[in-house]
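The data block below is start.cif; it holds mmCIF, C-alpha atoms.
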```cif
data_protein
#
loop_
_atom_site.label_atom_id
_atom_site.label_comp_id
_atom_site.auth_asym_id
_atom_site.auth_seq_id
_atom_site.Cartn_x
_atom_site.Cartn_y
_atom_site.Cartn_z
CA MET A 1 181.04 188.49 75.70
CA GLY A 2 178.64 186.06 77.35
CA LEU A 3 176.29 183.62 75.66
CA VAL A 4 173.07 185.27 74.42
CA ILE A 5 170.02 183.03 74.02
CA MET A 6 167.70 183.99 71.18
CA SER A 7 164.67 182.54 69.51
CA GLU A 8 164.45 181.61 65.84
CA ARG A 9 162.34 184.69 65.13
CA GLU A 10 164.94 186.97 66.69
CA LEU A 11 167.75 185.36 64.69
CA ASN A 12 165.70 185.86 61.51
CA ARG A 13 165.28 189.56 62.36
CA ILE A 14 169.03 189.99 62.85
CA GLU A 15 169.70 188.41 59.44
CA VAL A 16 167.20 190.71 57.67
CA LEU A 17 168.43 193.83 59.50
CA SER A 18 172.02 192.96 58.58
CA GLN A 19 171.03 192.90 54.91
CA VAL A 20 169.35 196.32 55.31
CA THR A 21 172.49 197.69 56.98
CA GLN A 22 174.66 196.31 54.17
CA GLY A 23 172.38 197.94 51.59
CA THR A 24 171.25 194.69 49.92
CA MET A 25 167.65 195.12 51.08
CA THR A 26 165.41 198.15 51.57
CA ALA A 27 163.49 198.89 54.77
CA VAL A 28 160.17 198.45 52.92
CA THR A 29 161.18 194.96 51.74
CA ALA A 30 162.41 194.11 55.24
CA ALA A 31 159.04 195.18 56.67
CA ASN A 32 157.23 192.87 54.26
CA VAL A 33 159.57 189.96 55.04
CA LEU A 34 159.30 190.38 58.81
CA GLY A 35 155.59 191.20 58.81
CA LEU A 36 156.22 194.57 60.57
CA SER A 37 155.50 198.16 59.75
CA ARG A 38 158.22 200.31 58.15
CA ARG A 39 158.36 202.49 61.26
CA GLN A 40 158.99 199.43 63.47
CA VAL A 41 161.79 198.32 61.16
CA HIS A 42 163.47 201.71 61.55
CA ARG A 43 163.19 201.44 65.35
CA LEU A 44 164.85 198.00 65.25
CA LEU A 45 167.59 199.35 62.94
CA LYS A 46 168.31 202.17 65.39
CA ASP A 47 168.72 199.68 68.29
CA PHE A 48 170.71 197.36 66.04
CA HIS A 49 173.21 200.14 65.16
CA THR A 50 173.48 201.29 68.79
CA ASP A 51 173.76 198.07 70.84
CA GLY A 52 174.37 195.41 68.18
CA PRO A 53 172.52 192.10 67.67
CA ALA A 54 171.92 191.66 71.42
CA ALA A 55 169.49 194.60 71.31
CA ILE A 56 167.06 192.56 69.18
CA ARG A 57 166.56 190.03 71.98
CA HIS A 58 163.25 190.32 73.86
CA LYS A 59 163.76 192.52 76.93
CA ALA A 60 161.65 190.24 79.18
CA ARG A 61 163.83 187.21 78.55
CA GLY A 62 165.23 185.83 81.82
CA ARG A 63 162.93 187.93 83.99
CA ARG A 64 160.41 186.50 86.42
CA SER A 65 156.85 186.32 85.02
CA ASN A 66 154.31 188.70 86.49
CA ASN A 67 151.78 185.79 86.61
CA ARG A 68 154.14 183.34 88.26
CA ILE A 69 152.58 181.39 91.13
CA ASP A 70 154.43 181.64 94.41
CA PRO A 71 156.59 178.55 95.12
CA ALA A 72 154.92 178.23 98.53
CA VAL A 73 151.53 177.82 96.84
CA ARG A 74 152.94 175.14 94.56
CA GLU A 75 154.47 173.27 97.49
CA PHE A 76 151.21 173.52 99.45
CA ALA A 77 149.16 172.19 96.50
CA VAL A 78 151.52 169.27 95.89
CA THR A 79 151.46 168.43 99.61
CA LEU A 80 147.64 168.36 99.63
CA VAL A 81 147.58 166.15 96.54
CA LYS A 82 150.09 163.73 98.08
CA GLU A 83 148.10 163.55 101.31
CA TYR A 84 144.51 163.37 100.04
CA TYR A 85 144.39 162.98 96.25
CA VAL A 86 147.38 160.87 95.33
CA ASP A 87 145.31 158.62 93.02
CA PHE A 88 143.22 161.48 91.54
CA GLY A 89 143.66 162.78 88.03
CA PRO A 90 144.76 166.42 87.56
CA THR A 91 141.27 167.59 86.55
CA PHE A 92 139.51 165.99 89.53
CA ALA A 93 142.29 166.99 91.92
CA ALA A 94 142.07 170.63 90.76
CA GLU A 95 138.30 170.58 91.39
CA LYS A 96 138.78 169.19 94.90
CA LEU A 97 141.49 171.72 95.75
CA ALA A 98 139.10 174.53 94.75
CA GLU A 99 136.06 173.06 96.54
CA ASP A 100 137.58 171.77 99.78
CA HIS A 101 140.71 173.91 100.22
CA ASP A 102 139.84 177.15 98.38
CA LEU A 103 142.99 176.76 96.30
CA LYS A 104 142.31 177.57 92.64
CA VAL A 105 144.89 176.15 90.26
CA SER A 106 144.33 175.35 86.60
CA ARG A 107 144.28 171.67 85.78
CA GLU A 108 147.19 171.96 83.33
CA THR A 109 149.35 173.76 85.90
CA LEU A 110 148.50 171.11 88.46
CA ARG A 111 149.20 168.41 85.88
CA LYS A 112 152.75 169.77 85.39
CA TRP A 113 153.32 170.03 89.15
CA MET A 114 152.11 166.45 89.67
CA GLN A 115 154.35 165.19 86.85
CA ASP A 116 157.37 166.98 88.29
CA ALA A 117 156.60 165.48 91.73
CA GLY A 118 156.24 161.97 90.27
CA ILE A 119 152.55 161.71 91.27
CA TRP A 120 151.08 161.68 87.76
CA LEU A 121 152.26 159.90 84.63
CA SER A 122 151.32 161.00 81.15
CA ARG A 123 149.28 158.75 78.89
CA LYS A 124 152.43 157.80 77.03
CA GLN A 125 154.19 156.89 80.27
CA ARG A 126 151.17 154.87 81.49
CA ARG A 127 151.05 152.83 78.34
CA THR A 128 151.39 149.09 78.97
CA PHE A 129 152.91 146.64 76.55
CA HIS A 130 151.52 143.12 76.26
CA GLN A 131 154.23 140.62 75.62
CA PRO A 132 153.36 137.97 73.02
CA ARG A 133 152.49 134.55 74.39
CA LEU A 134 153.78 131.42 72.68
CA ARG A 135 151.23 129.05 71.24
CA ARG A 136 150.39 125.84 73.08
CA GLU A 137 152.16 122.82 71.69
CA CYS A 138 149.32 120.39 70.95
CA LEU A 139 145.93 120.44 69.32
CA GLY A 140 143.11 120.40 71.88
CA GLU A 141 145.24 121.66 74.76
CA LEU A 142 143.64 125.11 74.90
CA ILE A 143 140.58 126.28 72.97
CA GLN A 144 139.83 130.00 72.92
CA ILE A 145 136.11 130.87 72.80
CA ASP A 146 134.34 134.16 72.24
CA GLY A 147 131.14 135.64 70.86
CA SER A 148 131.15 138.32 68.16
CA ASP A 149 128.01 140.47 67.95
CA HIS A 150 127.90 141.97 64.45
CA ARG A 151 125.65 142.68 61.47
CA TRP A 152 126.72 139.49 59.75
CA PHE A 153 123.97 139.77 57.11
CA GLU A 154 124.50 143.51 56.66
CA ASP A 155 121.14 145.12 55.77
CA ARG A 156 119.59 141.83 54.62
CA GLY A 157 118.84 140.61 58.13
CA PRO A 158 119.00 141.54 61.82
CA PRO A 159 122.29 141.49 63.76
CA CYS A 160 123.21 138.31 65.59
CA THR A 161 126.14 136.70 67.41
CA LEU A 162 128.73 134.29 66.03
CA LEU A 163 130.25 131.92 68.61
CA VAL A 164 133.86 131.16 67.70
CA PHE A 165 135.94 128.22 69.01
CA ILE A 166 139.59 128.41 67.88
CA ASP A 167 142.53 126.18 68.81
CA ASP A 168 145.40 128.07 70.43
CA ALA A 169 148.14 125.81 69.04
CA THR A 170 147.09 125.89 65.40
CA SER A 171 144.63 128.82 64.97
CA THR A 172 142.20 126.25 63.55
CA LEU A 173 138.52 127.16 63.64
CA MET A 174 137.10 124.25 65.63
CA GLN A 175 133.47 125.38 65.78
CA LEU A 176 131.36 128.28 64.47
CA ARG A 177 127.71 128.84 65.34
CA PHE A 178 125.27 131.69 64.70
CA VAL A 179 122.99 132.37 67.69
CA GLN A 180 120.62 135.11 68.80
CA SER A 181 122.79 136.29 71.69
CA GLU A 182 125.74 135.25 73.83
CA SER A 183 123.84 133.23 76.46
CA THR A 184 124.42 130.06 78.44
CA PHE A 185 122.08 127.94 76.30
CA SER A 186 123.72 129.29 73.12
CA TYR A 187 127.10 128.10 74.37
CA PHE A 188 125.56 124.77 75.37
CA GLU A 189 124.34 124.33 71.79
CA ALA A 190 127.75 125.14 70.30
CA LEU A 191 129.58 123.02 72.90
CA ASP A 192 127.40 120.01 72.12
CA LEU A 193 128.35 120.27 68.44
CA TYR A 194 132.02 120.73 69.33
CA LEU A 195 132.14 117.64 71.55
CA ALA A 196 130.41 115.53 68.93
CA ALA A 197 132.95 116.57 66.30
CA HIS A 198 136.23 116.66 68.27
CA GLY A 199 135.81 115.26 71.77
CA ARG A 200 136.76 116.91 75.06
CA PRO A 201 139.65 119.43 75.07
CA VAL A 202 141.84 120.05 78.11
CA ALA A 203 140.65 123.62 78.75
CA PHE A 204 138.67 126.52 77.32
CA TYR A 205 140.01 130.09 77.41
CA SER A 206 137.40 132.88 77.56
CA ASP A 207 136.79 136.43 78.69
CA LYS A 208 135.11 137.41 81.97
CA HIS A 209 131.57 137.31 80.59
CA THR A 210 129.04 136.15 83.19
CA VAL A 211 128.40 132.98 81.16
CA PHE A 212 131.88 131.79 82.18
CA ARG A 213 132.66 133.54 85.47
CA VAL A 214 130.68 134.45 88.59
CA ALA A 215 130.78 138.24 88.90
CA ASN A 216 130.35 138.23 92.68
CA GLN A 217 132.92 135.77 93.97
CA SER A 218 131.67 136.21 97.56
CA ALA A 219 128.11 135.12 96.71
CA LYS A 220 126.82 132.44 99.07
CA SER A 221 124.74 130.72 96.37
CA GLY A 222 125.83 129.10 93.13
CA HIS A 223 128.81 127.22 94.60
CA GLY A 224 131.21 129.68 92.95
CA MET A 225 130.57 128.62 89.34
CA THR A 226 128.20 129.42 86.50
CA GLN A 227 125.91 126.99 84.71
CA PHE A 228 128.45 126.71 81.89
CA GLY A 229 131.22 126.07 84.42
CA ARG A 230 129.10 123.38 86.10
CA ALA A 231 128.57 121.63 82.77
CA LEU A 232 132.31 121.74 81.98
CA ASN A 233 133.06 120.39 85.44
CA ALA A 234 130.76 117.44 84.79
CA LEU A 235 132.65 116.82 81.53
CA ASN A 236 136.06 117.22 83.24
CA ILE A 237 137.00 120.27 81.16
CA GLU A 238 138.72 123.29 82.71
CA ILE A 239 137.58 126.89 82.08
CA LEU A 240 140.14 129.73 82.27
CA CYS A 241 139.28 133.43 82.07
CA ALA A 242 141.66 135.91 80.42
CA ASN A 243 142.50 139.10 82.29
CA SER A 244 142.53 141.21 79.11
CA SER A 245 141.38 141.00 75.51
CA GLN A 246 145.03 140.91 74.38
CA ALA A 247 145.54 137.65 76.28
CA LYS A 248 143.08 135.88 73.97
CA GLY A 249 144.32 137.71 70.91
CA ARG A 250 144.03 134.73 68.55
CA VAL A 251 140.24 134.56 68.80
CA GLU A 252 140.00 138.38 68.72
CA ARG A 253 142.02 138.52 65.50
CA ALA A 254 139.95 135.67 64.09
CA ASN A 255 136.78 137.68 64.84
CA ARG A 256 138.20 140.63 62.93
CA THR A 257 139.04 138.43 59.96
CA LEU A 258 135.61 136.77 60.04
CA GLN A 259 133.83 140.12 60.19
CA ASP A 260 135.54 140.91 56.89
CA ARG A 261 135.65 137.63 54.97
CA LEU A 262 132.58 135.82 56.30
CA VAL A 263 130.31 138.84 55.79
CA LYS A 264 131.34 139.02 52.13
CA GLU A 265 131.01 135.26 51.67
CA LEU A 266 127.47 135.37 53.06
CA ARG A 267 126.66 138.24 50.71
CA LEU A 268 127.96 136.34 47.68
CA ALA A 269 125.97 133.26 48.73
CA GLY A 270 122.79 135.34 49.16
CA ILE A 271 122.32 134.21 52.77
CA SER A 272 120.28 136.44 55.09
CA ASP A 273 119.16 134.23 58.00
CA MET A 274 120.86 132.19 60.72
CA ASP A 275 119.61 128.75 59.66
CA ALA A 276 121.04 129.08 56.15
CA ALA A 277 124.22 130.64 57.56
CA ASN A 278 124.78 127.75 59.99
CA ALA A 279 124.39 125.31 57.11
CA PHE A 280 126.96 127.34 55.14
CA LEU A 281 129.56 127.46 57.97
CA PRO A 282 131.13 123.95 57.58
CA SER A 283 132.26 124.60 54.00
CA PHE A 284 133.52 128.07 54.93
CA THR A 285 135.40 126.66 57.96
CA GLU A 286 137.13 124.09 55.78
CA ARG A 287 138.36 126.75 53.34
CA TYR A 288 139.39 129.07 56.17
CA ASN A 289 141.44 126.41 57.96
CA ALA A 290 143.15 125.38 54.72
CA LYS A 291 144.39 128.95 54.33
CA PHE A 292 145.11 130.13 57.90
CA ALA A 293 145.66 127.07 60.12
CA LYS A 294 149.18 126.39 61.42
CA ALA A 295 150.92 123.11 62.12
CA PRO A 296 151.30 122.33 65.86
CA ARG A 297 154.75 121.94 67.37
CA ARG A 298 153.78 118.47 68.56
CA ALA A 299 151.59 116.06 66.64
CA ASP A 300 149.70 114.85 69.74
CA ASN A 301 145.96 115.43 69.81
CA LEU A 302 144.89 116.05 73.42
CA HIS A 303 141.17 115.75 72.75
CA ARG A 304 139.67 112.97 74.86
CA PRO A 305 136.64 110.80 74.14
CA MET A 306 133.38 111.58 75.92
CA ASN A 307 133.13 110.32 79.50
CA ILE A 308 129.34 110.48 79.63
CA GLU A 309 126.57 108.68 77.79
CA PRO A 310 124.87 110.68 75.01
CA ASP A 311 121.46 110.32 76.66
CA ARG A 312 122.81 111.96 79.83
CA LEU A 313 124.11 115.03 78.03
CA ARG A 314 120.63 116.56 78.24
CA ASP A 315 120.99 116.74 82.02
CA VAL A 316 124.42 118.38 81.60
CA PHE A 317 123.45 121.01 79.00
CA CYS A 318 120.69 122.58 81.05
CA SER A 319 120.29 125.17 83.79
CA ARG A 320 120.35 123.42 87.16
CA ASP A 321 119.57 124.95 90.52
CA GLU A 322 118.43 124.10 94.03
CA ARG A 323 115.26 125.42 95.65
CA LEU A 324 114.06 125.18 99.22
CA VAL A 325 110.56 123.72 99.51
CA GLY A 326 108.24 125.68 101.77
CA ALA A 327 105.56 124.49 104.14
CA GLN A 328 102.98 124.68 101.36
CA LEU A 329 105.02 122.38 99.07
CA ALA A 330 105.90 125.39 96.92
CA PHE A 331 108.96 127.44 95.95
CA SER A 332 109.74 130.40 93.71
CA TYR A 333 111.53 130.06 90.39
CA GLU A 334 112.02 132.76 87.71
CA ARG A 335 109.11 134.91 88.98
CA LYS A 336 106.86 131.86 89.07
CA ARG A 337 105.45 129.85 91.94
CA ILE A 338 106.11 126.11 91.54
CA ILE A 339 103.60 124.03 93.53
CA LEU A 340 104.48 120.36 94.02
CA ALA A 341 101.74 117.78 93.85
CA GLU A 342 101.13 116.05 97.15
CA ASN A 343 102.22 112.42 97.27
CA GLU A 344 104.24 110.06 99.44
CA ILE A 345 107.56 111.64 98.39
CA THR A 346 106.63 115.32 98.53
CA ARG A 347 105.01 115.14 101.99
CA GLY A 348 108.45 114.93 103.58
CA LEU A 349 110.07 117.66 101.43
CA PRO A 350 109.17 120.89 103.34
CA GLY A 351 112.41 122.39 104.61
CA LYS A 352 114.51 120.41 102.12
CA TYR A 353 116.14 121.32 98.80
CA VAL A 354 114.99 119.94 95.46
CA ASP A 355 116.85 120.10 92.13
CA THR A 356 115.43 122.08 89.20
CA TYR A 357 116.30 121.40 85.55
CA ALA A 358 115.56 124.03 82.88
CA PHE A 359 116.25 122.71 79.38
CA PRO A 360 117.02 124.71 76.20
CA ASP A 361 113.81 123.51 74.53
CA GLY A 362 111.73 125.09 77.31
CA GLY A 363 111.23 121.92 79.33
CA PHE A 364 111.35 122.09 83.12
CA GLU A 365 111.67 119.34 85.72
CA VAL A 366 111.79 119.16 89.49
CA ARG A 367 113.68 116.20 90.95
CA TRP A 368 114.36 114.82 94.38
CA LYS A 369 117.31 112.42 94.48
CA GLY A 370 116.90 111.78 90.76
CA VAL A 371 113.13 111.16 90.93
CA SER A 372 111.00 113.53 88.85
CA LEU A 373 108.21 115.21 90.83
CA PRO A 374 104.84 116.36 89.43
CA TYR A 375 104.07 120.05 89.86
CA SER A 376 101.90 122.93 88.73
CA VAL A 377 102.94 126.48 87.90
CA PHE A 378 101.44 129.72 89.11
CA ASP A 379 102.80 132.56 86.91
CA LYS A 380 102.80 135.81 88.86
CA ASP A 381 103.98 137.87 85.88
CA GLN A 382 102.68 137.00 82.44
CA ARG A 383 104.52 139.81 80.67
CA VAL A 384 108.08 141.10 80.57
CA THR A 385 108.32 143.91 83.13
CA HIS A 386 110.05 147.23 82.65
CA ALA A 387 112.12 146.54 85.76
CA ALA A 388 113.75 143.40 84.34
CA ILE A 389 117.54 143.54 84.49
CA THR A 390 119.08 142.74 81.11
CA GLU A 391 122.73 142.37 80.19
CA ASN A 392 124.00 144.33 77.21
CA LYS A 393 124.87 141.20 75.22
CA HIS A 394 121.28 139.89 75.60
CA LEU A 395 119.55 143.21 74.91
CA SER A 396 118.81 142.58 71.22
CA ALA A 397 117.22 139.20 71.88
CA VAL A 398 115.20 140.52 74.83
CA LEU A 399 113.92 143.51 72.87
CA LYS A 400 112.90 141.17 70.04
CA HIS A 401 110.94 139.03 72.54
CA ILE A 402 109.31 142.11 74.08
CA LYS A 403 108.21 143.33 70.64
CA ALA A 404 106.71 139.91 69.85
CA GLU A 405 104.78 139.99 73.15
CA GLN A 406 103.57 143.53 72.45
CA ASP A 407 102.35 142.51 68.98
CA LYS A 408 100.28 139.68 70.45
CA ALA A 409 98.03 141.83 72.63
CA ALA A 410 97.63 145.39 73.84
CA PRO A 411 98.87 146.10 77.36
CA GLN A 412 96.33 145.89 80.16
CA LYS A 413 95.03 149.21 81.42
CA ARG A 414 96.48 150.12 84.80
CA ARG A 415 94.82 152.67 87.07
CA ALA A 416 97.03 155.35 88.56
CA GLY A 417 96.91 156.28 92.24
CA LYS A 418 95.48 154.43 95.18
CA GLN A 419 92.47 152.28 94.46
CA ALA A 420 91.01 152.88 97.93
CA THR A 421 90.56 156.63 97.28
CA ARG A 422 88.73 156.13 93.98
CA TYR A 423 84.94 156.83 94.06
CA GLN A 424 82.82 153.78 93.44
CA PRO A 425 79.13 154.62 92.71
CA THR A 426 76.64 152.38 94.53
CA GLY A 427 73.51 153.36 92.58
CA LYS A 428 71.69 154.50 95.75
CA ARG A 429 70.22 157.98 95.89
CA ASN A 430 70.69 160.28 98.86
CA ASP A 431 67.30 161.69 99.83
CA GLY A 432 68.85 164.14 102.27
CA TRP A 433 68.39 162.22 105.48
CA ASN A 434 72.17 162.06 106.04
CA SER A 435 73.21 165.35 104.47
CA LYS A 436 75.42 167.87 106.26
CA LEU A 437 72.43 170.11 106.96
CA ALA A 438 70.44 167.24 108.43
CA ARG A 439 73.35 166.20 110.65
CA ARG A 440 73.68 169.74 111.99
CA ALA A 441 69.95 169.80 112.82
CA LYS A 442 70.25 166.50 114.66
CA GLU A 443 73.22 167.83 116.65
CA LYS A 444 71.25 170.96 117.64
CA VAL A 445 68.29 168.86 118.81
CA LYS A 446 70.61 166.58 120.76
CA SER A 447 72.37 169.54 122.38
CA ALA A 448 69.09 171.22 123.29
CA SER A 449 67.80 168.00 124.91
CA LYS A 450 70.97 167.72 126.92
CA HIS A 451 70.68 171.32 128.25
CA ALA A 452 67.00 170.80 129.10
CA ALA A 453 67.82 167.69 131.10
CA GLU A 454 70.42 169.60 133.11
#
```

Do you think you could lay out the structure here as structure tokens?
Amino acid sequence: MGLVIMSERELNRIEVLSQVTQGTMTAVTAANVLGLSRRQVHRLLKDFHTDGPAAIRHKARGRRSNNRIDPAVREFAVTLVKEYYVDFGPTFAAEKLAEDHDLKVSRETLRKWMQDAGIWLSRKQRRTFHQPRLRRECLGELIQIDGSDHRWFEDRGPPCTLLVFIDDATSTLMQLRFVQSESTFSYFEALDLYLAAHGRPVAFYSDKHTVFRVANQSAKSGHGMTQFGRALNALNIEILCANSSQAKGRVERANRTLQDRLVKELRLAGISDMDAANAFLPSFTERYNAKFAKAPRRADNLHRPMNIEPDRLRDVFCSRDERLVGAQLAFSYERKRIILAENEITRGLPGKYVDTYAFPDGGFEVRWKGVSLPYSVFDKDQRVTHAAITENKHLSAVLKHIKAEQDKAAPQKRRAGKQATRYQPTGKRNDGWNSKLARRAKEKVKSASKHAAE
């Protein structure tokens, strides 16, 4: 007798029917146990007595399904996917097969075919594992930096961003600073405090935020670095960008801990604004480091003293750019027209580049070879426009500024449509001398005179 494959349900039926045959169970009880009618139980008993346990097996087992797709169709679909849609997901590939090739296959069927052909990997198979990275050996060798946007004051105040500087070798919080948003000037402010307290580290380790990395590497302007990168270059500090959030896991885990502990500490202290919170941070940082900081593998401190005079740091921690001076001694900057005052130096500047310095306190200077030039500003746009491009991390601060501007004054009324087509009354009355009826009469007189002359 050959091997008979049965399901668990079929084996359960055989066991119950055997008990009925042996007289230890009635047909009514068997029907209740199996969830069948009494008549169906008697039918199964009849087959069981005639052909034995093999008769209980489903009769369609081992047969070809009536809905089975032809193997040629499967081979054709897999061939099309390999040729045109090898990097498509099953859902998108199924849509394209139906639209472009009139081949309708369900996405789950196509998913199985693609998995069998080695084209598609399941989510579990695509999972990547990030190997742990050993800490650096010395303090100040690598400082991880990140901004954490969170409701730090819960419902007592608006959300803001906490800039976190943490040492990779020791997990020591080197600098914390509450700011409005994760911007270049915010990082300049925190970096200035860091350098004053610790000196210059070897390198900073950050994410790919546009403060640290130029998004378009092929851009012809900007010299391939951001304003923050330019400032670090002047200070002889390297900036490295992580390829994933797991690569800078120490600062990410510190953010998670701070979003738990610091929020509760601020609540207990009754702090609900950034100024009071920044004053509270040094004592909190000291307690945090005493509990969580690790000892470095080497006792060397790689922080270096400052290589620039303190009075020159203002020119480092600013936004610097170059602008081409036009024939009218003017150039555009941040939707404004900067007009240089005419003097002995500026007369020779048309066609040449000048340096612009925008400072965090709102100051602005134009320099030529280190010499400050007088200028005037023509603001073409006094209000924030609806077309302004805003990054997600700056959205809260920008919306706050827009609301403040809206509260100052109502928006100016703008007319819709073309101004040239709008009727402008002159105050003069038309006495009929140039009406349509009068013009027709003049044309008739003119035509009659012409015919009479002929």

Exactly which residues make up the result of the PyMOL selection byres ((chain A and resi 331) around 12) on this file, given as a PyMOL selection string?
-> chain A and resi 322-330+332-340+349-356+366+375-378

Explicit residue set for the PyMOL selection byres ((chain A and resi 233) around 12), as a list in words =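 Applying the expression gives Arg200, Val202, Ala203, Phe204, Phe212, Met225, Thr226, Gln227, Phe228, Gly229, Arg230, Ala231, Leu232, Ala234, Leu235, Asn236, Ile237, Glu238, Ile239, Asn307, Val316 and Phe317 of chain A.
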
Convert the output of the PyMOL selection byres ((chain A and resi 249) around 12) on the shown file into explicit residues, formatted as number ranges by chain.
-> A: 130-135, 144-146, 166-168, 171, 205-207, 242-248, 250-256

Since we have the selection now, will you write its residues out, keeping C-alpha atoms, as a PDB file, in the coordinates of the input?
```
ATOM      1  CA  HIS A 130     151.520 143.120  76.260  1.00  0.00           C
ATOM      2  CA  GLN A 131     154.230 140.620  75.620  1.00  0.00           C
ATOM      3  CA  PRO A 132     153.360 137.970  73.020  1.00  0.00           C
ATOM      4  CA  ARG A 133     152.490 134.550  74.390  1.00  0.00           C
ATOM      5  CA  LEU A 134     153.780 131.420  72.680  1.00  0.00           C
ATOM      6  CA  ARG A 135     151.230 129.050  71.240  1.00  0.00           C
ATOM      7  CA  GLN A 144     139.830 130.000  72.920  1.00  0.00           C
ATOM      8  CA  ILE A 145     136.110 130.870  72.800  1.00  0.00           C
ATOM      9  CA  ASP A 146     134.340 134.160  72.240  1.00  0.00           C
ATOM     10  CA  ILE A 166     139.590 128.410  67.880  1.00  0.00           C
ATOM     11  CA  ASP A 167     142.530 126.180  68.810  1.00  0.00           C
ATOM     12  CA  ASP A 168     145.400 128.070  70.430  1.00  0.00           C
ATOM     13  CA  SER A 171     144.630 128.820  64.970  1.00  0.00           C
ATOM     14  CA  TYR A 205     140.010 130.090  77.410  1.00  0.00           C
ATOM     15  CA  SER A 206     137.400 132.880  77.560  1.00  0.00           C
ATOM     16  CA  ASP A 207     136.790 136.430  78.690  1.00  0.00           C
ATOM     17  CA  ALA A 242     141.660 135.910  80.420  1.00  0.00           C
ATOM     18  CA  ASN A 243     142.500 139.100  82.290  1.00  0.00           C
ATOM     19  CA  SER A 244     142.530 141.210  79.110  1.00  0.00           C
ATOM     20  CA  SER A 245     141.380 141.000  75.510  1.00  0.00           C
ATOM     21  CA  GLN A 246     145.030 140.910  74.380  1.00  0.00           C
ATOM     22  CA  ALA A 247     145.540 137.650  76.280  1.00  0.00           C
ATOM     23  CA  LYS A 248     143.080 135.880  73.970  1.00  0.00           C
ATOM     24  CA  ARG A 250     144.030 134.730  68.550  1.00  0.00           C
ATOM     25  CA  VAL A 251     140.240 134.560  68.800  1.00  0.00           C
ATOM     26  CA  GLU A 252     140.000 138.380  68.720  1.00  0.00           C
ATOM     27  CA  ARG A 253     142.020 138.520  65.500  1.00  0.00           C
ATOM     28  CA  ALA A 254     139.950 135.670  64.090  1.00  0.00           C
ATOM     29  CA  ASN A 255     136.780 137.680  64.840  1.00  0.00           C
ATOM     30  CA  ARG A 256     138.200 140.630  62.930  1.00  0.00           C
TER      31      ARG A 256
END
```

Can you pull out every residue within 9 Å of Leu373 of chain A, counting only C-alpha atoms, but drop anything in the same chain fewer than 4 positions away, and send it as an MDAnalysis selection string?
-> chainID A and resid 340:341 345:346 365:368

State, in Å with one decimal place, the distance from atom CA of Arg267 of chain A to atom CA of Arg156 of chain A.
->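 Taking atom CA of Arg267 of chain A as the start and atom CA of Arg156 of chain A as the end point, the length is 8.8 Å.
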
List the neighbours of Ser148 of chain A out to 9 Å using all atoms listed in the file; skip same-chain residues closer than 5 positions along the sequence, and give me the result as a ChimeraX atom specification.
-> /A:160-164,182,252,255,259

Create the file for the chosen residues now, containing C-alpha atoms and written as an mmCIF file, in the coordinates of the input.
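This is the output file out30.cif:
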```
data_model
loop_
_atom_site.group_PDB
_atom_site.id
_atom_site.type_symbol
_atom_site.label_atom_id
_atom_site.label_comp_id
_atom_site.auth_asym_id
_atom_site.auth_seq_id
_atom_site.Cartn_x
_atom_site.Cartn_y
_atom_site.Cartn_z
ATOM 1 C CA CYS A 160 123.210 138.310 65.590
ATOM 2 C CA THR A 161 126.140 136.700 67.410
ATOM 3 C CA LEU A 162 128.730 134.290 66.030
ATOM 4 C CA LEU A 163 130.250 131.920 68.610
ATOM 5 C CA VAL A 164 133.860 131.160 67.700
ATOM 6 C CA GLU A 182 125.740 135.250 73.830
ATOM 7 C CA GLU A 252 140.000 138.380 68.720
ATOM 8 C CA ASN A 255 136.780 137.680 64.840
ATOM 9 C CA GLN A 259 133.830 140.120 60.190
#
```

Please provide the set of residues having any atom within 9 Å of Glu154 of chain A, restricted to all atoms listed in the file, with same-chain residues fewer than 5 positions apart removed, written as a list of chain:residue names.
->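 Residues near the query, excluding close chain neighbours: A:Pro159, A:Val263, A:Arg267, A:Ser272.
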
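One finds atom CA of Arg127 of chain A at 25.5 Å from atom CA of Glu95 of chain A.
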
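Nearest-residue note for Ala276 of chain A: choosing from A:Arg177, A:Arg213, A:Lys400, A:His451, the minimum distance belongs to A:Arg177, counting all atoms listed in the file.
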
Residue nearest His209 of chain A - candidates A:Leu240, A:Ala299, A:Cys318, A:Ala55, atoms counted: all atoms listed in the file |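 Among A:Leu240, A:Ala299, A:Cys318, A:Ala55, it is A:Leu240 that comes nearest to His209 of chain A.
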
What separation in Å, quoted to one decimal, exists between atom CA of Met174 of chain A and atom CA of Pro360 of chain A?
->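 Rounded to one decimal, the two atoms are 22.7 Å apart.
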
With distances taken over only C-alpha atoms, the candidate from A:Leu176, A:Leu80, A:Ala27, A:Leu139 nearest Pro296 of chain A is A:Leu139
